[in-house]
Every structure is written in structure tokens, then in C-alpha cells.
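J.: Contents are compact mmCIF, C-alpha atoms; file name work_11.txt:
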# COMPACT_ATOMS: atom_id res chain seq x y z
CA MET A 27 13.88 -8.59 -17.57
CA GLU A 28 14.69 -8.57 -21.25
CA TYR A 29 15.18 -5.34 -23.16
CA VAL A 30 12.34 -4.83 -25.64
CA ALA A 31 12.91 -2.38 -28.47
CA GLY A 32 9.60 -0.82 -29.39
CA ASP A 33 6.94 1.64 -28.38
CA PRO A 34 4.39 1.49 -25.58
CA LEU A 35 0.91 0.69 -26.84
CA SER A 36 -0.22 3.96 -25.23
CA ARG A 37 1.96 5.91 -27.67
CA ILE A 38 0.64 3.94 -30.63
CA LEU A 39 -2.97 4.54 -29.53
CA ALA A 40 -2.26 8.26 -29.00
CA GLY A 41 -1.41 8.61 -32.68
CA GLY A 42 -4.28 8.90 -35.12
CA ASN A 43 -7.77 8.21 -33.81
CA HIS A 44 -6.75 6.38 -30.60
CA LYS A 45 -7.84 3.00 -31.86
CA LEU A 46 -6.43 0.12 -33.87
CA PRO A 47 -7.68 -1.94 -36.77
CA LEU A 48 -9.73 -4.83 -35.37
CA SER A 49 -7.20 -7.43 -36.54
CA ASP A 50 -4.35 -5.64 -34.72
CA ALA A 51 -6.40 -5.21 -31.54
CA LEU A 52 -7.27 -8.90 -31.53
CA GLN A 53 -3.67 -9.94 -32.21
CA PHE A 54 -2.38 -7.79 -29.34
CA ALA A 55 -5.12 -9.03 -26.99
CA HIS A 56 -4.23 -12.63 -27.85
CA GLU A 57 -0.51 -12.05 -27.23
CA ILE A 58 -1.20 -10.26 -23.95
CA ALA A 59 -3.57 -13.04 -22.85
CA GLU A 60 -0.87 -15.63 -23.58
CA ALA A 61 1.67 -13.67 -21.53
CA LEU A 62 -0.80 -13.32 -18.66
CA ASP A 63 -1.61 -17.02 -18.83
CA TYR A 64 2.09 -17.81 -18.40
CA ALA A 65 2.53 -15.30 -15.55
CA HIS A 66 -0.57 -16.61 -13.80
CA SER A 67 0.62 -20.21 -14.19
CA GLN A 68 3.76 -19.14 -12.33
CA GLY A 69 1.69 -17.57 -9.54
CA VAL A 70 2.32 -13.97 -10.63
CA ILE A 71 -0.49 -11.41 -10.87
CA HIS A 72 0.54 -8.27 -12.78
CA ARG A 73 -2.04 -5.88 -11.22
CA ASP A 74 -1.32 -2.98 -13.63
CA ILE A 75 -2.21 -4.07 -17.15
CA LYS A 76 -2.64 -0.92 -19.23
CA PRO A 77 -1.43 0.37 -22.62
CA ALA A 78 1.63 2.08 -21.10
CA ASN A 79 2.79 -1.33 -19.81
CA ILE A 80 2.48 -3.09 -23.15
CA LEU A 81 5.42 -2.73 -25.49
CA VAL A 82 4.92 -3.31 -29.20
CA THR A 83 8.10 -4.64 -30.77
CA GLN A 84 9.48 -3.48 -34.08
CA ASP A 85 8.01 -6.60 -35.70
CA GLY A 86 4.55 -5.80 -34.29
CA ARG A 87 4.30 -8.18 -31.31
CA ALA A 88 2.87 -7.17 -27.92
CA LYS A 89 4.99 -7.76 -24.82
CA VAL A 90 3.82 -7.25 -21.23
CA ALA A 91 6.21 -5.04 -19.26
CA ASP A 92 6.53 -3.32 -15.89
CA PHE A 93 5.85 -5.90 -13.24
CA GLY A 94 6.56 -3.20 -10.64
CA VAL A 95 3.31 -3.74 -8.73
CA ALA A 96 3.04 -7.46 -9.48
CA ARG A 97 2.63 -9.85 -6.58
CA LEU A 98 3.06 -13.53 -6.12
CA ASN A 99 -0.35 -15.09 -5.66
CA GLN A 100 0.75 -16.79 -2.44
CA ALA A 101 2.03 -13.53 -0.96
CA MET A 102 -1.00 -11.33 -1.71
CA THR A 103 -1.77 -8.67 0.80
CA THR A 104 -4.11 -5.72 0.65
CA HIS A 105 -2.89 -2.26 1.43
CA SER A 106 -5.66 -0.34 3.16
CA GLY A 107 -6.17 3.07 1.62
CA GLN A 108 -3.60 2.57 -1.12
CA ILE A 109 -4.24 1.94 -4.80
CA PHE A 110 -1.44 0.40 -6.81
CA GLY A 111 -1.99 0.72 -10.54
CA SER A 112 -4.11 2.82 -12.88
CA PRO A 113 -7.78 3.20 -11.84
CA ALA A 114 -9.16 3.38 -15.41
CA TYR A 115 -7.89 -0.16 -16.06
CA MET A 116 -8.28 -1.65 -12.58
CA ALA A 117 -10.84 -4.22 -11.58
CA PRO A 118 -13.49 -3.23 -9.01
CA GLU A 119 -12.03 -5.55 -6.36
CA GLN A 120 -8.68 -3.76 -6.62
CA LEU A 121 -10.32 -0.36 -6.21
CA SER A 122 -12.21 -1.50 -3.12
CA GLY A 123 -9.05 -2.83 -1.46
CA GLY A 124 -9.84 -6.46 -2.20
CA GLU A 125 -7.46 -9.11 -3.36
CA ALA A 126 -6.45 -9.10 -7.01
CA ASP A 127 -6.12 -12.39 -8.84
CA ALA A 128 -5.81 -13.57 -12.44
CA ARG A 129 -9.38 -12.41 -13.13
CA SER A 130 -8.35 -8.88 -12.17
CA ASP A 131 -5.67 -8.88 -14.88
CA LEU A 132 -8.25 -10.22 -17.36
CA PHE A 133 -10.58 -7.34 -16.43
CA SER A 134 -7.77 -4.94 -17.32
CA LEU A 135 -7.18 -6.76 -20.59
CA GLY A 136 -10.90 -6.43 -21.39
CA VAL A 137 -10.72 -2.68 -20.75
CA MET A 138 -7.70 -2.47 -23.04
CA LEU A 139 -9.43 -4.45 -25.80
CA TYR A 140 -12.46 -2.16 -25.53
CA SER A 141 -10.13 0.85 -25.84
CA MET A 142 -8.15 -0.56 -28.76
CA ILE A 143 -11.37 -1.20 -30.70
CA THR A 144 -13.38 1.95 -29.88
CA GLY A 145 -10.66 4.54 -29.33
CA PHE A 146 -11.62 5.34 -25.73
CA ARG A 147 -11.84 3.69 -22.33
CA PRO A 148 -15.15 2.23 -21.13
CA PHE A 149 -14.83 4.08 -17.81
CA GLN A 150 -14.00 7.76 -18.21
CA GLY A 151 -14.19 10.80 -15.99
CA ASN A 152 -12.61 14.12 -15.07
CA SER A 153 -11.15 12.76 -11.84
CA ALA A 154 -9.82 9.52 -10.42
CA GLU A 155 -12.84 9.42 -8.09
CA THR A 156 -15.27 9.60 -11.02
CA VAL A 157 -13.42 6.88 -12.90
CA CYS A 158 -13.38 4.67 -9.80
CA PHE A 159 -17.11 5.21 -9.28
CA LYS A 160 -17.83 4.19 -12.88
CA VAL A 161 -15.62 1.11 -12.70
CA MET A 162 -17.45 0.04 -9.55
CA ASN A 163 -21.03 0.94 -10.52
CA ILE A 164 -21.66 1.75 -14.18
CA GLU A 165 -21.99 -0.67 -17.10
CA PRO A 166 -20.22 0.75 -20.16
CA VAL A 167 -21.87 1.23 -23.52
CA PRO A 168 -21.39 -1.95 -25.61
CA VAL A 169 -18.57 -1.89 -28.16
CA THR A 170 -21.03 -2.65 -30.96
CA SER A 171 -22.82 0.65 -30.26
CA PHE A 172 -19.72 2.45 -31.54
CA GLN A 173 -18.24 -0.09 -33.94
CA HIS A 174 -21.05 -1.70 -35.92
CA ASP A 175 -18.64 -4.00 -37.77
CA VAL A 176 -17.58 -5.72 -34.52
CA PRO A 177 -19.20 -9.14 -34.16
CA ALA A 178 -21.72 -9.45 -31.33
CA GLU A 179 -19.69 -12.43 -30.03
CA LEU A 180 -16.67 -10.16 -29.47
CA ASP A 181 -18.88 -7.69 -27.65
CA ALA A 182 -20.03 -10.55 -25.41
CA ILE A 183 -16.41 -11.52 -24.71
CA ILE A 184 -15.48 -7.96 -23.72
CA THR A 185 -18.62 -7.59 -21.59
CA ARG A 186 -17.77 -10.78 -19.72
CA ALA A 187 -14.12 -9.76 -19.28
CA ILE A 188 -15.12 -6.47 -17.65
CA ALA A 189 -17.90 -7.87 -15.47
CA LYS A 190 -18.06 -6.21 -12.05
CA GLN A 191 -17.94 -9.51 -10.14
CA PRO A 192 -14.83 -11.70 -10.57
CA ALA A 193 -17.01 -14.84 -10.60
CA ASP A 194 -18.80 -13.52 -13.70
CA ARG A 195 -15.51 -13.09 -15.63
CA PHE A 196 -13.44 -15.64 -17.45
CA GLN A 197 -11.82 -17.93 -14.92
In C-alpha cells, how does this file's structure come out?
T.:
Amino acid sequence: MEYVAGDPLSRILAGGNHKLPLSDALQFAHEIAEALDYAHSQGVIHRDIKPANILVTQDGRAKVADFGVARLNQAMTTHSGQIFGSPAYMAPEQLSGGEADARSDLFSLGVMLYSMITGFRPFQGNSAETVCFKVMNIEPVPVTSFQHDVPAELDAIITRAIAKQPADRFQ
């Protein structure tokens, strides 16, 4: 893996008000989506897309890092009782022990985009169990409820990306 000089997106979000200007959030989301598209075309599912695993280079480009829990699509197995990844960014099927696929990574990207725009995650709680329950059962408040300058079309994109059922997400 190449060395990437830069800071994790989590550190950048932790500074200031925990959100980014809309143009930066969209640029990062686009770059992450391109990286995921390439990984998925090679049969690799990341399974742990979150701000700590996105490095922002010194010239302001987002790079996906830490493929430590990634799996080849053909070699997918479930691990009963074990969760690999970060529950606040994980797709419902991952939390329930189901098989992760490209749509699971896109769910995580949708959660990240929501966070970059609003300054907080769509599924929050005081414990991992609470967060998992919300990811599985609760629809988050629309982005436009917090950020009135966000186009309704972008809200629709995020809502579709974080749909509970993989079939309802972008394919």
C-alpha cells in the first residue's frame, strides 16, 4: 500500500464544527466513490468505510485507507457473533451478520456524507447497542432539516444511500 502523507478525515472533522463546506464534502464523497468503484470492480469490499479510514492528502484529495477488514467478494464469509468495523458507519446487513457487498460500502459512504454535511452521524447513541439498534430500525432526520441550503436532490441521494435494505440502495 502506498504511503499517503496527510490527515485522517476524522481529525479534520474533529476540528471546528465537525462538518465541512458542502463543496469539500461533495468532492471527498466523489473521490471516495471512485476509489470504491475501483475496489469493487476488482472484487474487493472494504467493509469499514469511516472518516478514520479516509486520508486527506496535503493537496486536499481523499484516499481510502485501511483495508484491514476488506474481503474478496468471492471469499465472503460471515462470522457469527463478530462485528468487523465501526457500527456507526456499518450497513444493517453487516450488523445482523449478513454478507456485505458493494452496497454495504455505499451505505457507509452515505453515512459519511451525511456527517460531513451536518456535523454529526445519522445514527447516534450512548452505546454500541443503541447505535446498532438505530442503524437497523430508525430512519434518520433528513439532512435538509439541519442544512437548509442543501438541495433536496442531495438529500434524496443520501437517503437512498443509507436505505435499510440493500436492494433500495444504489446498485
J.: Near region 56-67 of chain A, within 8 Å and counting only C-alpha atoms, which residues show up once chain neighbours fewer than 5 positions away are dropped, as an mmCIF file with C-alpha atoms, in the coordinates of the input?
T.:
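Written output follows (out_2.cif):
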data_model
loop_
_atom_site.group_PDB
_atom_site.id
_atom_site.type_symbol
_atom_site.label_atom_id
_atom_site.label_comp_id
_atom_site.auth_asym_id
_atom_site.auth_seq_id
_atom_site.Cartn_x
_atom_site.Cartn_y
_atom_site.Cartn_z
ATOM 1 C CA HIS A 72 0.540 -8.270 -12.780
ATOM 2 C CA ARG A 87 4.300 -8.180 -31.310
ATOM 3 C CA ALA A 88 2.870 -7.170 -27.920
ATOM 4 C CA LYS A 89 4.990 -7.760 -24.820
ATOM 5 C CA VAL A 90 3.820 -7.250 -21.230
ATOM 6 C CA ALA A 128 -5.810 -13.570 -12.440
ATOM 7 C CA ASP A 131 -5.670 -8.880 -14.880
ATOM 8 C CA LEU A 132 -8.250 -10.220 -17.360
ATOM 9 C CA LEU A 135 -7.180 -6.760 -20.590
#
J.: What's the 9 Å shell around region 28-37 of chain A, counting only C-alpha atoms, without same-chain residues fewer than 3 positions away, as an mmCIF file with C-alpha atoms, in the coordinates of the input?
T.:
data_model
loop_
_atom_site.group_PDB
_atom_site.id
_atom_site.type_symbol
_atom_site.label_atom_id
_atom_site.label_comp_id
_atom_site.auth_asym_id
_atom_site.auth_seq_id
_atom_site.Cartn_x
_atom_site.Cartn_y
_atom_site.Cartn_z
ATOM 1 C CA ALA A 40 -2.260 8.260 -29.000
ATOM 2 C CA GLY A 41 -1.410 8.610 -32.680
ATOM 3 C CA HIS A 44 -6.750 6.380 -30.600
ATOM 4 C CA LYS A 76 -2.640 -0.920 -19.230
ATOM 5 C CA PRO A 77 -1.430 0.370 -22.620
ATOM 6 C CA ALA A 78 1.630 2.080 -21.100
ATOM 7 C CA ASN A 79 2.790 -1.330 -19.810
ATOM 8 C CA ILE A 80 2.480 -3.090 -23.150
ATOM 9 C CA LEU A 81 5.420 -2.730 -25.490
ATOM 10 C CA VAL A 82 4.920 -3.310 -29.200
ATOM 11 C CA THR A 83 8.100 -4.640 -30.770
ATOM 12 C CA GLN A 84 9.480 -3.480 -34.080
ATOM 13 C CA ASP A 85 8.010 -6.600 -35.700
ATOM 14 C CA GLY A 86 4.550 -5.800 -34.290
ATOM 15 C CA ALA A 88 2.870 -7.170 -27.920
ATOM 16 C CA LYS A 89 4.990 -7.760 -24.820
ATOM 17 C CA ALA A 91 6.210 -5.040 -19.260
#
J.: By how many Å are CA of Phe133 (chain A) and CA of Cys158 (chain A) apart?
T.: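 Answer for the CA of Phe133 (chain A) to CA of Cys158 (chain A) separation: 14.0 Å.
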J.: Listed atoms of region 158-168 of chain A, axis-aligned box, 3 Å per side: centre and edge lengths to one decimal in Å, as JSON?
T.:
{"center_x": -17.7, "center_y": 1.6, "center_z": -17.4, "size_x": 14.6, "size_y": 13.2, "size_z": 22.3}
J.: What does the structure give for the distance between CA of Gly145 (chain A) and CA of Gln197 (chain A), in Å to one decimal?
T.: 26.7 Å
J.: Please measure the separation of CA of Asp127 (chain A) and CA of Val70 (chain A), giving the value in Å to one decimal.
T.: 8.8 Å
J.: With distances taken over only C-alpha atoms, which residue among A:Ala182, A:Ile38, A:Ile143, A:Leu121 lies nearest Leu52 (chain A)?
T.: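 Of all the options, A:Ile143 lies closest to Leu52 (chain A).
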J.: Neighbourhood query: residues within 9 Å of (-14.4, -7.0, -21.7), file coordinates, counting all atoms listed in the file; return as a ChimeraX atom specification.
T.: /A:132-140,180-189,195
J.: Would you pick out the contacts of region 164-166 of chain A at 7 Å or less, using all atoms listed in the file, so that residues sharing its chain but fewer than 2 positions from it are not included, and give the list as a count of residues only?
T.: 6
J.: Could region 60-71 of chain A be completed with all heavy atoms and returned as a PDB file, in the coordinates of the input?
T.:
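Result file follows (result24.pdb):
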ATOM      1  N   GLU A  60      -1.845 -14.543 -23.703  1.00  0.00           N
ATOM      2  CA  GLU A  60      -0.870 -15.630 -23.580  1.00  0.00           C
ATOM      3  C   GLU A  60       0.185 -15.313 -22.529  1.00  0.00           C
ATOM      4  O   GLU A  60       0.564 -16.174 -21.733  1.00  0.00           O
ATOM      5  CB  GLU A  60      -0.212 -15.917 -24.922  1.00  0.00           C
ATOM      6  CG  GLU A  60      -1.088 -16.676 -25.887  1.00  0.00           C
ATOM      7  CD  GLU A  60      -0.375 -17.047 -27.170  1.00  0.00           C
ATOM      8  OE1 GLU A  60       0.590 -16.342 -27.572  1.00  0.00           O
ATOM      9  OE2 GLU A  60      -0.770 -18.049 -27.782  1.00  0.00           O
ATOM     10  N   ALA A  61       0.668 -14.072 -22.525  1.00  0.00           N
ATOM     11  CA  ALA A  61       1.670 -13.670 -21.530  1.00  0.00           C
ATOM     12  C   ALA A  61       1.092 -13.721 -20.126  1.00  0.00           C
ATOM     13  O   ALA A  61       1.749 -14.190 -19.184  1.00  0.00           O
ATOM     14  CB  ALA A  61       2.185 -12.261 -21.850  1.00  0.00           C
ATOM     15  N   LEU A  62      -0.154 -13.265 -19.975  1.00  0.00           N
ATOM     16  CA  LEU A  62      -0.800 -13.320 -18.660  1.00  0.00           C
ATOM     17  C   LEU A  62      -1.029 -14.754 -18.225  1.00  0.00           C
ATOM     18  O   LEU A  62      -0.852 -15.086 -17.045  1.00  0.00           O
ATOM     19  CB  LEU A  62      -2.111 -12.543 -18.671  1.00  0.00           C
ATOM     20  CG  LEU A  62      -1.980 -11.034 -18.775  1.00  0.00           C
ATOM     21  CD1 LEU A  62      -3.350 -10.381 -18.919  1.00  0.00           C
ATOM     22  CD2 LEU A  62      -1.230 -10.474 -17.575  1.00  0.00           C
ATOM     23  N   ASP A  63      -1.410 -15.617 -19.152  1.00  0.00           N
ATOM     24  CA  ASP A  63      -1.610 -17.020 -18.830  1.00  0.00           C
ATOM     25  C   ASP A  63      -0.314 -17.617 -18.266  1.00  0.00           C
ATOM     26  O   ASP A  63      -0.336 -18.323 -17.257  1.00  0.00           O
ATOM     27  CB  ASP A  63      -2.069 -17.796 -20.061  1.00  0.00           C
ATOM     28  CG  ASP A  63      -2.316 -19.270 -19.758  1.00  0.00           C
ATOM     29  OD1 ASP A  63      -3.068 -19.567 -18.804  1.00  0.00           O
ATOM     30  OD2 ASP A  63      -1.751 -20.117 -20.475  1.00  0.00           O
ATOM     31  N   TYR A  64       0.805 -17.291 -18.898  1.00  0.00           N
ATOM     32  CA  TYR A  64       2.090 -17.810 -18.400  1.00  0.00           C
ATOM     33  C   TYR A  64       2.401 -17.229 -17.012  1.00  0.00           C
ATOM     34  O   TYR A  64       2.759 -17.981 -16.096  1.00  0.00           O
ATOM     35  CB  TYR A  64       3.231 -17.492 -19.370  1.00  0.00           C
ATOM     36  CG  TYR A  64       4.538 -18.001 -18.845  1.00  0.00           C
ATOM     37  CD1 TYR A  64       4.845 -19.358 -18.911  1.00  0.00           C
ATOM     38  CD2 TYR A  64       5.452 -17.148 -18.229  1.00  0.00           C
ATOM     39  CE1 TYR A  64       6.030 -19.849 -18.392  1.00  0.00           C
ATOM     40  CE2 TYR A  64       6.637 -17.635 -17.707  1.00  0.00           C
ATOM     41  CZ  TYR A  64       6.918 -18.985 -17.785  1.00  0.00           C
ATOM     42  OH  TYR A  64       8.088 -19.469 -17.252  1.00  0.00           O
ATOM     43  N   ALA A  65       2.254 -15.916 -16.857  1.00  0.00           N
ATOM     44  CA  ALA A  65       2.530 -15.300 -15.550  1.00  0.00           C
ATOM     45  C   ALA A  65       1.642 -15.904 -14.472  1.00  0.00           C
ATOM     46  O   ALA A  65       2.121 -16.255 -13.385  1.00  0.00           O
ATOM     47  CB  ALA A  65       2.328 -13.782 -15.629  1.00  0.00           C
ATOM     48  N   HIS A  66       0.367 -16.051 -14.781  1.00  0.00           N
ATOM     49  CA  HIS A  66      -0.570 -16.610 -13.800  1.00  0.00           C
ATOM     50  C   HIS A  66      -0.226 -18.061 -13.466  1.00  0.00           C
ATOM     51  O   HIS A  66      -0.353 -18.477 -12.310  1.00  0.00           O
ATOM     52  CB  HIS A  66      -2.005 -16.509 -14.306  1.00  0.00           C
ATOM     53  CG  HIS A  66      -2.466 -15.087 -14.505  1.00  0.00           C
ATOM     54  ND1 HIS A  66      -3.504 -14.762 -15.351  1.00  0.00           N
ATOM     55  CD2 HIS A  66      -2.031 -13.912 -13.969  1.00  0.00           C
ATOM     56  CE1 HIS A  66      -3.686 -13.449 -15.321  1.00  0.00           C
ATOM     57  NE2 HIS A  66      -2.801 -12.914 -14.493  1.00  0.00           N
ATOM     58  N   SER A  67       0.239 -18.816 -14.454  1.00  0.00           N
ATOM     59  CA  SER A  67       0.620 -20.210 -14.190  1.00  0.00           C
ATOM     60  C   SER A  67       1.835 -20.295 -13.275  1.00  0.00           C
ATOM     61  O   SER A  67       2.062 -21.318 -12.635  1.00  0.00           O
ATOM     62  CB  SER A  67       0.889 -20.964 -15.499  1.00  0.00           C
ATOM     63  OG  SER A  67       2.134 -20.566 -16.061  1.00  0.00           O
ATOM     64  N   GLN A  68       2.599 -19.200 -13.212  1.00  0.00           N
ATOM     65  CA  GLN A  68       3.760 -19.140 -12.330  1.00  0.00           C
ATOM     66  C   GLN A  68       3.415 -18.479 -10.991  1.00  0.00           C
ATOM     67  O   GLN A  68       4.299 -18.228 -10.167  1.00  0.00           O
ATOM     68  CB  GLN A  68       4.895 -18.351 -13.011  1.00  0.00           C
ATOM     69  CG  GLN A  68       5.350 -18.942 -14.334  1.00  0.00           C
ATOM     70  CD  GLN A  68       5.832 -20.365 -14.186  1.00  0.00           C
ATOM     71  OE1 GLN A  68       6.708 -20.654 -13.362  1.00  0.00           O
ATOM     72  NE2 GLN A  68       5.249 -21.275 -14.952  1.00  0.00           N
ATOM     73  N   GLY A  69       2.126 -18.178 -10.797  1.00  0.00           N
ATOM     74  CA  GLY A  69       1.690 -17.570  -9.540  1.00  0.00           C
ATOM     75  C   GLY A  69       1.881 -16.073  -9.468  1.00  0.00           C
ATOM     76  O   GLY A  69       1.836 -15.494  -8.387  1.00  0.00           O
ATOM     77  N   VAL A  70       2.077 -15.412 -10.609  1.00  0.00           N
ATOM     78  CA  VAL A  70       2.320 -13.970 -10.630  1.00  0.00           C
ATOM     79  C   VAL A  70       1.093 -13.247 -11.194  1.00  0.00           C
ATOM     80  O   VAL A  70       0.610 -13.578 -12.276  1.00  0.00           O
ATOM     81  CB  VAL A  70       3.562 -13.623 -11.491  1.00  0.00           C
ATOM     82  CG1 VAL A  70       3.749 -12.112 -11.594  1.00  0.00           C
ATOM     83  CG2 VAL A  70       4.805 -14.283 -10.917  1.00  0.00           C
ATOM     84  N   ILE A  71       0.608 -12.269 -10.439  1.00  0.00           N
ATOM     85  CA  ILE A  71      -0.490 -11.410 -10.870  1.00  0.00           C
ATOM     86  C   ILE A  71       0.121 -10.042 -11.162  1.00  0.00           C
ATOM     87  O   ILE A  71       0.794  -9.459 -10.315  1.00  0.00           O
ATOM     88  CB  ILE A  71      -1.567 -11.272  -9.756  1.00  0.00           C
ATOM     89  CG1 ILE A  71      -2.019 -12.655  -9.253  1.00  0.00           C
ATOM     90  CG2 ILE A  71      -2.733 -10.438 -10.254  1.00  0.00           C
ATOM     91  CD1 ILE A  71      -2.579 -13.572 -10.301  1.00  0.00           C
TER      92      ILE A  71
END
